[in-house]
Structures are given as structure tokens and as C-alpha cells.
Amino acid sequence: MAQIFHPSANTIFRLALVLMFLTAGGVVYGALAMDRTPYMTNVDVPVEQPIQFSHQHHAGGLGIDCRYCHTTVEQTAFAGMPTTETCMSCHSQIWTGAAMLEPVRASWNTRQPLSWNRVHDLGDFAYFNHSIHIAKGVGCSTCHGRVDRMQQVWKTHTLRMEWCLQCHKDPASSLRPKNEIYNMNWQPPSDPQKAAELQHQLAKENGIRPEGLTNCSTCHR
Amino acid sequence: MDETRKTYDWDAIRGRLRSEHGRRFWRSLDELSDDPAFETALRQEFPREASVMDSMGRRKFLQLMGASLALAGVTGCGSRGHTPEKIVPYVQKPAALTPGMPLYYATALTFEGFARGVLVQSNMGRPTKIEGNPQHPASLGATDAFMQAEILSLYDPDRSQSVTYRGNASTWGSFLSVLRGDVERQRATRGTGLRFLTEPITSPTLAWQIGEVLRAFPEARWHQYSPCAGFEHQGAMQAFGEPVHTIYHFDRAQIVLSLAGDFLSSGPGAVRYSRDFNALRRVRAEKAEMNRLYCAESVPSLVGAMADHRLPLKPEQIESFAYEIARALGVQVQSSLPPSGVPESWSKALVSDLEQNRGASLVVCGEQLPPHIHAVVHAINAELEAPGKTLSYTRPVQAEPFDALESIKALSRDIGAGRVSTLIIIGGNPVFNAPADLDFGDLLARVNLRVRMGLYEDETSAHCHWHIPQTHELEAWSDARAFDGTTSIMQPLTLPLYAGRSPHELLAEMHGNSGRNSHEIVRHFWMTQRREGFEDFWKKSVHDGVVEKTAMETFTPRLKPLAAAPQRKEATGLSVVFRPDPTIHDGRYANNGWLQELPKPLTKLTWDNVALVSPATAERLGLENRDLVTIRSGERRVQMPIWIMAGQADDCIALQFGYGRTRAGRVANGAGHNAFPLRTSAAAWSSSDVEIRKTGEMYALAATQHHHSMEGREIIHTSTLEEFRHGLQEDAVREAAGGQKQEVSETQTVPAPVLHNVAAEEPPVEPTEPDAVSHPQTHRRTGHGEHAHPSLLKEYAYPGAAWGMVIDQTVCTGCSACVIACQAENNIPIVGKDQVARGREMHWLRIDHYFSGELSNPRSNFQPMLCVHCEKAPCEVVCPVNATVHSAEGLNEMVYNRCIGTRYCSNNCPYKVRRFNFLQYSSHEPAIELMRNPQVTVRDRGVMEKCTYCVQRITAARIEAKKQNRNVRDGEVITACQAACPADAIVFGDINDKGSRVAKLKGEPHNYGVLSELGTQPRTTYLARVRNPHKALTPSPTPTRGEGSKEERG
């Protein structure tokens, strides 16, 4: 009786086995890699807003302090979004007829609030608090990037737990002096030793105790 | 729930209780009967967990499984961002509001018309949580379960949402045109046919408005009715000949006798009274003193459970007893009533205690006792020099004191005689709860125009032409007075959610203030009261939640000579007493799921009412738990399931009314049985000569008494004051003698008063056994790592805070305010009767109730049980996915997102405090979602959850402290249960801070950890229950087994 399989079938079978595992691994790897692309994380993807508000112009060009609009960033979990009144405090005086500002004027006249699209959207099970980060010396640009250079705002980080934990495991590395919190240009000293000294000093000043920072209940409850 | 019929072997149960090795603490008859079926049910960690699949065949199951496998991959798709969230800022920010920070507004909630001050948390305009107002005399910062649950009533989607005419939707406008036409007709006859029916009213504004209306229509009449109104007013009229209101000062009363007076759980002053009463009850090493409470009652109540000496007496025995006490104290009384049968030693001890504490003793009369007993009690109190010391008399707080039964009877007579053409019913629910002999529902048909204003379109609305949705108390302006007269201006927390109108707005239509809203009306009234500096007065009063200096002035009314005790036909056979339900009251909270599912403090039943009978009566009549019986009194009858209640007076059936609603909403309809058909105006609180007949059916009841049982291990510690002092002395001696030793071993020199250990089958104290059970001092730890237990588990250092809790069982009254506070704070869902019966209730905090002593008159012991946050937590090590972990501050944390629902943690928890979402219990109804605490994750199906020590509150306090670069101060974190507790029994704080209240309490000699002999090192510890029995009624300080019950028996 003739052989059903040619001797090369062994080789083909082995190859097929290897290929199968490679493909499975590849699919998993691909999925994980895909998961980290901006397509999935929305990092670096500008978010369309109902009004073409430019942080580059207001914060970068005019030098308006972050807290002028994000008023509650030092007091509560929520940084605060400007009320229509805040916009109108200037725009009732300047650019009063600009077509771009029509939605703001409409909101002011009809008392209907503006509806912005959220850029930094954390899961509802994570309870992030702006005020404590500000109080302990984490600057705006550490998490939000150079907002002063963004026309329309985008995320510069994934806001995933692994990203949060980088700092929560080593909080000192993200600290800066209190008076530099809102400074978009601030950079740690270029000399690594000086930077380390500064970090050490800031951690001490702010009473940072890293042991509690990785507790689940710090962010989840 | 065990529906199989079984018969108790009463002799065996009694024998077991008396025997040398009997259980000293027990939770129910089923447990005592040692029934094998019960034992099996108890052993099931999650009884009948598969039974939701019962109705599903194998084929269907496989189909579904196949489908879910095939679809498993689909969930991976489309994970890229859900619809982007919106941020909607204000156009103009309201003053005082910081987005993200809750605001608290002072207002008041009424109970039977009386105000209890609250602070309501508002999250961006949504009221979410109710706390007590520390400035309000009826609250002092605490609340009860009803106040806590009002937040759910506010959002209740079943509340009526539109004006209806004969059941069809209509408008406020069309109602007004009808009303105005009628008002014009009434004006012509000076209001001859006009009647108002309200609940008790203390609101000064509403009283003024009613006065205005009655001035415009002099022939009109105002009636008041509440099924819970007792005889306080009639009693005062008999005693003094004028209306007098009584206020107790329990904080000055060393000896209290309660004659069926449940001052701890019901009544307008209950929250305050609980605080005052327990102020003299806390036992500490440096202050080993406490008050003493005697109680004679027919139906076991919270006061009876707290009492040092309690006697179950039938209502007529209590009456006789009141006269006996009066006579023994030297009050002139004439009574030919038969003797009460109270043991002589008992009354002797009581009388000597009362006499020796003149000016510091007090007798409290149950509201439901007849007026002449109230008069006797007033006379006794005068004899005891109580007025001005342990109680004060004031003029009535109510706008018009009334006799509820007379008032509704007069109205019914008028309606029956055709004298009423227009009836306006505001609040209440008379068709459901008026005395049955009045046939109020049928009578209403004789009234031409019937208008009803109420929160729900209920039984009464069904009999009326017009129904007007009423605003909830958190939706409209109003005012009300507290039990001591202190007035609160009530401000709304939100606009009416369901288009309601307030009673002020309705009445304003009738006295020429048409179109005004409640704010204008209340403000207008107060403007007429305070002309000077009104704006400042108004702002301050609204802000504080109390109007300054409005408490009633006390005065001393003159006692009239007591009339002779009325002759009484000797009652034979069975009698019935009526009581409002402990959790849904007279039925008004029937549609409140939180209160429905709140286990009744003593029976631990949920979702139902029962007929309580004593074990002896049950034995005589051959009744079993869950037997459905017919109770007949003449032509009237009700059906009710039986519940055998140890401590109930013999031959006396207690019926709790409020259940059996038919038009209350989705939650209430069909729950329980209606007891009102048996209640007549002649016998409103007790009725004799009733018959009871078994229907032969069993009725399924959902009791939580055995759920999460801890298998009768050493759990509750009790002691008497004498033993406590004795222990302190012994320890002082030991310390003096062996002062050197202290340095060698700290644990051996700690004062160890004799505690009754509660090992199920073991003698109470075994000094030879060197384990934690016999050495209460080893439970005592204020820091960490002091335990001698070897452990395989990781040792943690707690360099920062170490959160801990102490619960004082001596002052816990079992009122269950903490249970509802926890539910409101932590977004805990309700599960329904069927799920409760399967042991799936979700309460993070439960109150275990243990009986001890004799079957006929046991003592009650309450133990709030919640996650004790073990330092060596058995749950943490068995979780396969690290969903429950230990924090640096010693919290045992639950990470919902990681939980896959293996339930191993719950299996391994010796305290049985973990709760699993077997089904999707959390409602996603929009109205209910508005109510949620935004600081706490809402859990969905398949997730384990448990007490977090209110980690959201800890985090908030920690963040605030860290912003100021300091540690959290003692008292900055107050858990929801602690805040609610009227007795101040729960103390929470940082045990690493040696100066904190909680750390100091952990150093008390009677501090112990439940099951800490297992080496779990619980962070929540308990102070042993200390009682203060009279010497003559107590066995010797070191009791031998079997004599413990003498204490109550005399």
C-alpha cells in the first residue's frame, strides 16, 4: 500500500505548527500593539469642539493664567470649566461681533450652557483629584502637555492606570516648585544630580509619603 | 426561608435553655430547636444560589452557553472610546457653589408633624444624603432611619406626577377654576359644608393660613387625624384640665421606668432622647456608673431591649401596675383593678429605686395607654419631683392639640349626616388607615367635592375627585416646630421634581393670597412676626436651620385630683394590641424600598408584617412561625402570618399596621397584610376577646435573622455594672501587688473585668485555657503587632494612619439608623423579598440581634456587624485576582473592577460581612441615578462588595489634610453610620493617634474583638454590653450558669 503522506509532510506539518503559534502570538501582539496606538488611546488626536477656542492663543499668546478659566483646580477634584460669563467678561468688550464667537453670545443670550467635548476622559471608577496634585507640586504640563501650543486640545498621555502608576510609584520625579505649577515652560534642572536634589527637597517639603499612593483606594472606591 | 412545616418541641427548647450546657445566647427559635433542616440551611454559605436557573431546562442552558461563547469575542470590539462625554459648564455660576464640592443646607423633616433638623448634602443641585443638624435640639447631629430614608422618598419615581381628576390627567389650572367656583359658593354659606382634614400640624405658617381660611369661612371645620396619635393630649387634659406637652430630660434621670413607652424608636423626640438617655449609660474605666431602666411592656420594643429589668405585661396588667406603683409611692389613687401580678421583689426594687432618686427619676407613659394612666403617671412624676428636673411641661407644640379619634369621628358623623359638601384632605391616608368602623372610604362618596393633596396617588386619592401631587419636604418652603417647640424654617433643596404643589400654595388659594408660591407665603408670615431686622433674622434662621429662642417656655401646671380608676370588664381569652410598623411606620414609608428591606430591629423580618405571639401562647394554640391565621374580632377579621416572639406578653397578639397597601407604588403594593380592618375607634390600640384560627396555609416570610450566622462562637460579651467594677478593683489590686510585672508583660496587668463569654457550648470563663477567649485582655490592643498569635500572613507596618472603629454595645439601641445611613452613603441597592429570603440582602452593615435568658422574657443584645477590616484578613489571601487587598492604612480594600465573582473571599470571611451582587440589583432608573452618591462607584452584577469604612470620606479628609501638610485630625473622618447614630455608639478614627477617641476606647477594659481568637486582628472592636441590674434582683456578681435569667424574673 502506498504511503498516504509524502515524507515532506512532516516538514510541512512542523512548519504549520510553528506558523500557527507564530500567528497566535502575532495576533495577541498585534492586538496589544493596536491597543496602544493613538487610534485606540486618542493620544495626540485633537478633539473637535463646538467653538474654535485656541489655548495657543489665550494661554500661549496672551499669557492668561490657567486658573482664569479653570477656577476650581486648586480647591476641588474638578479643575472647572469656564462659565459663559467668564468668556463674556472679555468678549463683551472685544471681538464682540466675531462669527466664531456666535455660540458664546447665543449661550449668554438664551441662558443655554455651552456643551464641550471632554478631552481627558477617565473611567468613572477612577476618582482623580486635581487639587491635591496641584498642592503637592505636580504642574499642569506634566499631565496635559504643552497646552499653550495647542490650537485644539488633545491628550498627550494615555491616562491609563499604568501611566498614573509611573508617578504614584515614584512621585518625586514629577514634582516642581509651587510657583512653577502653571508655568508651561518649566523644565527640571538639566544636571541630573541637581534635578535629583530638587526632587528630594520638594518631596520632603510637601510631605510626600509614597507608601499610600499605590493603595487601590487612593483612586478607586 | 424555610417553608416546610415543622413543629417545635417546646419542652426540648426550654430544657436546652435551662440545661447546664445550653446556649446562653440565641437568635431564634429555629436555632434553639436544633432542627436538622435548619442546621443544613445555615451551613449553606449562599443558599440556593443556582435556583435562579431553576426554570431553565438543560437544552436552553446549553443554547445560552453556546451563544455567550460565540459572542465572547464581540465584547473586545468597539472598545475604542464610548460616545465622548460632554462638559456642560454654567452660563453663570450660582453663588457659593464650587463645582465638585458638595454643599450642605439646613432644613427639617417632619415626623407626625414635628420637626427634626437635618443638613442635606447637595451635589451640583442634587440632594444626595441627609445628616442631622447639630444645632437642632431634636437631632443634635444624629438621625433615625426614617430621616435617612427620606432621600429615597424624594426621588421615588412612583410619586404622583400630575394633577388628576377622577384618575385622568388634568392641570393645576383646571383644578383652580373648580376650586374657585366652589369657594364662591361656600362663601355664601359662610363655609357651612367646608371641611379640612390634615395630619398633625406644628407649622406656624400653615396654622396661620388655616386660621385665615377659618376666619373667611367661620362655619368651616378643620379636622386632624393620624393613626399613630396616642393619648398624650387626653391624658394631660385629665391630669391638668388643660393641654400640656411633656418633654423628658433623660440626661438627668438616674432611674427610668417605662410603661410601654417606646421613647427610643418612635415619637418626635426619639433621636434626642436616645442621645440623652445613653449619655448616662456609657461605662468607662474612669466612670463606672450608669442609669437604670425598668420597662413593663406588652410588645417587645427597643426600650425593652435596652432595659436592665423588663417585664412582659398585658395592657390591662400595665394599667394595674401603674396604680400599684402610684400607691406604693404614696400617691392618692382609687383603684379596684385586679392586681397586676408583677413579682413583689420587682416592684419593691423599683419603688425603692424611684424613691431614693427623687428628682433624678422618671416614669414614661406609653402614648397608647389610656388617658387615665397618663394622668396617674403625671401624678407619680409629681410625687417623684420630676417636673423641672427630669421632665418639663410646656404649652402644646402642635398648632392645635387634638384628639385624633374624636376628630375623625366627628368628621365622619358630619359626612354621614350630609353636612359636608367640600372636603379637602391634605396628606395622610385616611381611607387606608382611619378606624375600620367608620368606613371612611365609603362615606366619602357622600361628599360633593373631594380634593386630595398627597405625595402618592393612593387609596385615599382613589376615593377623591381631584388629586394634587404634593411637594416633598425637600422640595418646598415651609416651617415646623420640634418636640421642644424650637422652630425651623424648611428650605427646599430642589425645584419640585414631579410638578408638586405645597399645602401652603393650596391654602393660599382659599384665603386671598392666590398665586403665591411657598417661599413668598412662608416669608410673608415671618415678616409679620419679626418686623425689625427681618433680612438678618431670615438669613440666620434659614442658614442655621433653627429660629433662635423659639423653644417653648416651661411652666408648672396644677395637677387635678385623680379620678378613680374606671371599672373594667375582666378580659378573658386573647387580646390584640396594635402598633405602627417599626420600619414603614403607619404605611407612609411603604413605597420606600430601603425601609421595606430594613430588617425590623427585633424580628429581623423584611418586607412583611406579622402577628407576634408569645412562645407560651403559640404552644397553647399550636401555632408555628409562618402559619397564616385569621384573627377575628366580632365581624371584623384580618389574615396575618404568625411570628413567635420571645418576650411578647402571653395571650396577647401584637399586630403591626402599615402593610397591605394596594395603591402605594411598585415597591409597596402587595407587601404584607393590612391590620387596619381590625382596628376600630373604640379599640384603637388594644382589643380583647379576639379569636384566632389557622387557615392551614403557610406564608413565606423573609427574615434575615440567620443569614451570615457566625455559628454561635464567642461573639457577644456581657457584664453587669457590679461585675465591671469588681473587675476594675481586682485589677487595681493586682496592679498594686505586681507593679513590677507590668514591665515584663503588659498584657497581663491590664484590668480584666469579668466578662460573660459567649462560647456556645463552653463555660463562660476558663482561666486555665491560655487562649484569647479566656483572656479578654489579649483582645485589647491599641496598636499593632502586639498579638501573640503566630500567623502565616504578612505583617504590615502602618506608618501613617491606622483606621479603626469601636462600637459600644451598651448604648446601641438597635434603631438601625446606621443601616440606612450606610445604604444612602454607599449606593447600596435593595434586592426584594425573594432575594432576601435567599440570603442575598446587600446591607454592608447589619445589626445582629441575640437573645439571652429565658424564652418567656429574654434579654436582647444588639451587635452592629460590618467589615471589621482585619489586619490579618482571611479574605485577602484567597482572592485569585487580587481584588481585595490591604492598604497602607490597614483598610481592607475592595477593587470592583478586578472582581470576577468567585466569592472565595466571602467563604473565607468569619464575620460574614461580604455581599455579592448575584443579580443586577442596582437600578438604572434615571430618577434613582440622580440620588446616587457621586463619590462611590455603583456596583453591577457579579461583583463582591462590603463596608469600606467610608473610604470616600477618609480620602476627602486626607486630601484636605495633605493640602495643609498635616495629618488628619481626630474627628475629621466621620463614617456615615457614626454620623447617623443617635446613641453615639460608633467611634471611628486613627488608632495610631494615641490621643484619638477611638484609641482611648480601645484601651477600655471591656474592649474586645469579635472572633479575634482566630488571629484576624480586627480593626473594629466592641465594648462589652454592660447592664445595671438592681442588687436585689441580681444573682451574685459571679453568676453560675442557669441563674442569669433570675435578673429579669425577680
# chains A, B, ... in the order shown; residues from 1 in each chain; ligands from 1
>>> closest_atom_pairs(of="chain B", to="chain A", cutoff="6 Å", atoms="only C-alpha atoms", output="JSON lines")
{"residue": "B:Arg80", "atom": "CA", "partner": "A:Met40", "partner_atom": "CA", "distance": 5.2}
{"residue": "B:Glu85", "atom": "CA", "partner": "A:Arg118", "partner_atom": "CA", "distance": 5.4}
{"residue": "B:Lys86", "atom": "CA", "partner": "A:Asn117", "partner_atom": "CA", "distance": 4.7}
{"residue": "B:Ile87", "atom": "CA", "partner": "A:Trp116", "partner_atom": "CA", "distance": 5.1}
{"residue": "B:Val88", "atom": "CA", "partner": "A:Ser115", "partner_atom": "CA", "distance": 4.7}
{"residue": "B:Pro89", "atom": "CA", "partner": "A:Thr83", "partner_atom": "CA", "distance": 5.4}
{"residue": "B:Tyr90", "atom": "CA", "partner": "A:Thr83", "partner_atom": "CA", "distance": 5.0}
{"residue": "B:Val91", "atom": "CA", "partner": "A:Thr84", "partner_atom": "CA", "distance": 4.5}
{"residue": "B:Gln92", "atom": "CA", "partner": "A:Glu85", "partner_atom": "CA", "distance": 5.5}
{"residue": "B:Gly100", "atom": "CA", "partner": "A:Phe78", "partner_atom": "CA", "distance": 5.7}
{"residue": "B:Ser887", "atom": "CA", "partner": "A:Asn215", "partner_atom": "CA", "distance": 5.4}
{"residue": "B:Ala888", "atom": "CA", "partner": "A:Gly212", "partner_atom": "CA", "distance": 5.5}
{"residue": "B:Val936", "atom": "CA", "partner": "A:Arg221", "partner_atom": "CA", "distance": 5.8}
{"residue": "B:Lys963", "atom": "CA", "partner": "A:Ala135", "partner_atom": "CA", "distance": 5.6}
>>> select_by_dssp(residues="chain A", states="helix (DSSP H, G or I)", output="PDB file with C-alpha atoms, in the first residue's frame")
ATOM      1  CA  SER A   8       7.847  16.100   3.232  1.00  0.00           C
ATOM      2  CA  ALA A   9       4.515  16.150   5.060  1.00  0.00           C
ATOM      3  CA  ASN A  10       6.452  16.007   8.328  1.00  0.00           C
ATOM      4  CA  THR A  11       8.274  19.175   7.482  1.00  0.00           C
ATOM      5  CA  ILE A  12       5.111  20.878   6.316  1.00  0.00           C
ATOM      6  CA  PHE A  13       3.363  19.846   9.473  1.00  0.00           C
ATOM      7  CA  ARG A  14       6.170  21.169  11.672  1.00  0.00           C
ATOM      8  CA  LEU A  15       6.211  24.395   9.735  1.00  0.00           C
ATOM      9  CA  ALA A  16       2.470  24.654  10.089  1.00  0.00           C
ATOM     10  CA  LEU A  17       2.762  24.138  13.843  1.00  0.00           C
ATOM     11  CA  VAL A  18       5.361  26.868  14.141  1.00  0.00           C
ATOM     12  CA  LEU A  19       3.328  29.148  11.926  1.00  0.00           C
ATOM     13  CA  MET A  20       0.241  28.504  13.988  1.00  0.00           C
ATOM     14  CA  PHE A  21       1.950  29.550  17.196  1.00  0.00           C
ATOM     15  CA  LEU A  22       3.563  32.493  15.494  1.00  0.00           C
ATOM     16  CA  THR A  23       0.217  33.609  14.120  1.00  0.00           C
ATOM     17  CA  ALA A  24      -1.479  33.252  17.502  1.00  0.00           C
ATOM     18  CA  GLY A  25       1.327  35.164  19.154  1.00  0.00           C
ATOM     19  CA  GLY A  26       1.266  37.721  16.396  1.00  0.00           C
ATOM     20  CA  VAL A  27      -2.439  38.271  16.799  1.00  0.00           C
ATOM     21  CA  VAL A  28      -2.042  38.817  20.515  1.00  0.00           C
ATOM     22  CA  TYR A  29       0.945  41.072  19.984  1.00  0.00           C
ATOM     23  CA  GLY A  30      -0.886  42.926  17.262  1.00  0.00           C
ATOM     24  CA  ALA A  31      -3.910  43.415  19.457  1.00  0.00           C
ATOM     25  CA  LEU A  32      -1.775  44.745  22.283  1.00  0.00           C
ATOM     26  CA  ALA A  33       0.160  46.989  19.945  1.00  0.00           C
ATOM     27  CA  MET A  34      -3.077  48.160  18.379  1.00  0.00           C
ATOM     28  CA  ASP A  35      -4.393  48.923  21.839  1.00  0.00           C
ATOM     29  CA  PRO A  38      -3.421  56.708  19.135  1.00  0.00           C
ATOM     30  CA  TYR A  39      -6.350  55.173  17.272  1.00  0.00           C
ATOM     31  CA  MET A  40      -7.332  53.400  20.487  1.00  0.00           C
ATOM     32  CA  THR A  41      -5.962  55.775  23.115  1.00  0.00           C
ATOM     33  CA  HIS A  55      -5.420  77.555  24.046  1.00  0.00           C
ATOM     34  CA  GLN A  56      -2.404  78.521  21.938  1.00  0.00           C
ATOM     35  CA  HIS A  57      -3.821  81.993  21.509  1.00  0.00           C
ATOM     36  CA  HIS A  58      -5.254  82.532  25.000  1.00  0.00           C
ATOM     37  CA  ALA A  59      -2.735  80.758  27.219  1.00  0.00           C
ATOM     38  CA  GLY A  60       0.348  80.887  24.994  1.00  0.00           C
ATOM     39  CA  GLY A  61      -0.106  84.155  23.129  1.00  0.00           C
ATOM     40  CA  CYS A  66      -4.771  78.605  33.587  1.00  0.00           C
ATOM     41  CA  ARG A  67      -6.797  79.473  36.689  1.00  0.00           C
ATOM     42  CA  TYR A  68      -8.562  82.347  34.999  1.00  0.00           C
ATOM     43  CA  CYS A  69     -10.844  79.789  33.390  1.00  0.00           C
ATOM     44  CA  THR A  84     -20.226  81.557  29.602  1.00  0.00           C
ATOM     45  CA  GLU A  85     -19.948  84.579  31.851  1.00  0.00           C
ATOM     46  CA  THR A  86     -16.172  84.095  32.019  1.00  0.00           C
ATOM     47  CA  CYS A  87     -15.943  84.177  28.227  1.00  0.00           C
ATOM     48  CA  MET A  88     -18.206  87.181  28.067  1.00  0.00           C
ATOM     49  CA  SER A  89     -16.183  89.113  30.622  1.00  0.00           C
ATOM     50  CA  CYS A  90     -13.759  89.823  27.787  1.00  0.00           C
ATOM     51  CA  HIS A  91     -15.837  89.133  24.734  1.00  0.00           C
ATOM     52  CA  ALA A  99     -18.680  84.994  13.861  1.00  0.00           C
ATOM     53  CA  MET A 100     -16.547  82.415  15.671  1.00  0.00           C
ATOM     54  CA  LEU A 101     -17.978  83.601  18.994  1.00  0.00           C
ATOM     55  CA  GLU A 102     -21.600  83.362  17.920  1.00  0.00           C
ATOM     56  CA  PRO A 103     -22.273  80.221  20.059  1.00  0.00           C
ATOM     57  CA  VAL A 104     -20.936  82.034  23.141  1.00  0.00           C
ATOM     58  CA  ARG A 105     -23.181  85.020  22.575  1.00  0.00           C
ATOM     59  CA  ALA A 106     -26.105  82.711  21.891  1.00  0.00           C
ATOM     60  CA  SER A 107     -25.436  80.891  25.141  1.00  0.00           C
ATOM     61  CA  TRP A 108     -25.274  84.169  27.023  1.00  0.00           C
ATOM     62  CA  ASN A 109     -28.479  85.465  25.488  1.00  0.00           C
ATOM     63  CA  THR A 110     -30.515  82.267  25.722  1.00  0.00           C
ATOM     64  CA  HIS A 130      -6.818  67.990  40.664  1.00  0.00           C
ATOM     65  CA  SER A 131      -6.434  69.989  43.839  1.00  0.00           C
ATOM     66  CA  ILE A 132      -4.151  67.589  45.689  1.00  0.00           C
ATOM     67  CA  HIS A 133      -1.858  67.209  42.680  1.00  0.00           C
ATOM     68  CA  ILE A 134      -1.544  70.980  42.409  1.00  0.00           C
ATOM     69  CA  ALA A 135      -0.983  71.287  46.159  1.00  0.00           C
ATOM     70  CA  CYS A 140      -0.281  71.279  34.624  1.00  0.00           C
ATOM     71  CA  SER A 141       2.046  70.463  31.762  1.00  0.00           C
ATOM     72  CA  THR A 142       3.246  67.271  33.454  1.00  0.00           C
ATOM     73  CA  CYS A 143      -0.010  65.558  32.546  1.00  0.00           C
ATOM     74  CA  HIS A 144      -1.593  67.852  29.976  1.00  0.00           C
ATOM     75  CA  VAL A 147      -1.470  73.112  26.120  1.00  0.00           C
ATOM     76  CA  ASP A 148      -0.167  76.598  25.352  1.00  0.00           C
ATOM     77  CA  ARG A 149       0.956  75.305  21.982  1.00  0.00           C
ATOM     78  CA  MET A 161      -3.538  53.132  35.057  1.00  0.00           C
ATOM     79  CA  GLU A 162      -0.007  52.135  34.122  1.00  0.00           C
ATOM     80  CA  TRP A 163       0.684  55.752  33.265  1.00  0.00           C
ATOM     81  CA  CYS A 164      -0.765  57.005  36.566  1.00  0.00           C
ATOM     82  CA  LEU A 165       1.243  54.435  38.478  1.00  0.00           C
ATOM     83  CA  GLN A 166       4.539  55.614  36.995  1.00  0.00           C
ATOM     84  CA  CYS A 167       4.256  58.718  39.121  1.00  0.00           C
ATOM     85  CA  HIS A 168       2.473  57.163  42.050  1.00  0.00           C
ATOM     86  CA  LYS A 169       5.344  54.729  42.459  1.00  0.00           C
ATOM     87  CA  PRO A 171       6.167  60.711  42.928  1.00  0.00           C
ATOM     88  CA  ALA A 172       9.279  62.828  43.414  1.00  0.00           C
ATOM     89  CA  SER A 173      10.216  62.680  39.744  1.00  0.00           C
ATOM     90  CA  SER A 174       7.151  64.703  38.748  1.00  0.00           C
ATOM     91  CA  LYS A 178       4.983  75.562  43.827  1.00  0.00           C
ATOM     92  CA  ASN A 179       5.478  78.800  41.935  1.00  0.00           C
ATOM     93  CA  GLU A 180       6.142  76.913  38.704  1.00  0.00           C
ATOM     94  CA  PRO A 192      20.713  65.071  36.769  1.00  0.00           C
ATOM     95  CA  GLN A 193      22.241  65.493  40.224  1.00  0.00           C
ATOM     96  CA  LYS A 194      20.668  68.913  40.719  1.00  0.00           C
ATOM     97  CA  ALA A 195      17.358  67.582  39.464  1.00  0.00           C
ATOM     98  CA  ALA A 196      17.510  64.706  41.933  1.00  0.00           C
ATOM     99  CA  GLU A 197      18.355  67.092  44.770  1.00  0.00           C
ATOM    100  CA  LEU A 198      15.461  69.336  43.863  1.00  0.00           C
ATOM    101  CA  GLN A 199      13.092  66.385  43.688  1.00  0.00           C
ATOM    102  CA  HIS A 200      14.257  65.121  47.037  1.00  0.00           C
ATOM    103  CA  GLN A 201      13.826  68.516  48.613  1.00  0.00           C
ATOM    104  CA  LEU A 202      10.350  69.013  47.116  1.00  0.00           C
ATOM    105  CA  ALA A 203       9.179  65.590  48.245  1.00  0.00           C
ATOM    106  CA  LYS A 204      10.306  66.404  51.742  1.00  0.00           C
ATOM    107  CA  GLU A 205       8.764  69.859  51.764  1.00  0.00           C
ATOM    108  CA  PRO A 210       4.767  57.178  48.673  1.00  0.00           C
ATOM    109  CA  GLU A 211       3.569  54.152  50.670  1.00  0.00           C
ATOM    110  CA  GLY A 212      -0.077  55.143  50.456  1.00  0.00           C
ATOM    111  CA  CYS A 216      -6.242  50.992  45.391  1.00  0.00           C
ATOM    112  CA  SER A 217      -8.497  53.221  47.431  1.00  0.00           C
ATOM    113  CA  THR A 218      -6.350  56.230  46.620  1.00  0.00           C
TER     114      THR A 218
END
>>> atom_distance(atom1="atom CA of Gln529 of chain B", atom2="atom CA of Gly485 of chain B")
16.1 Å
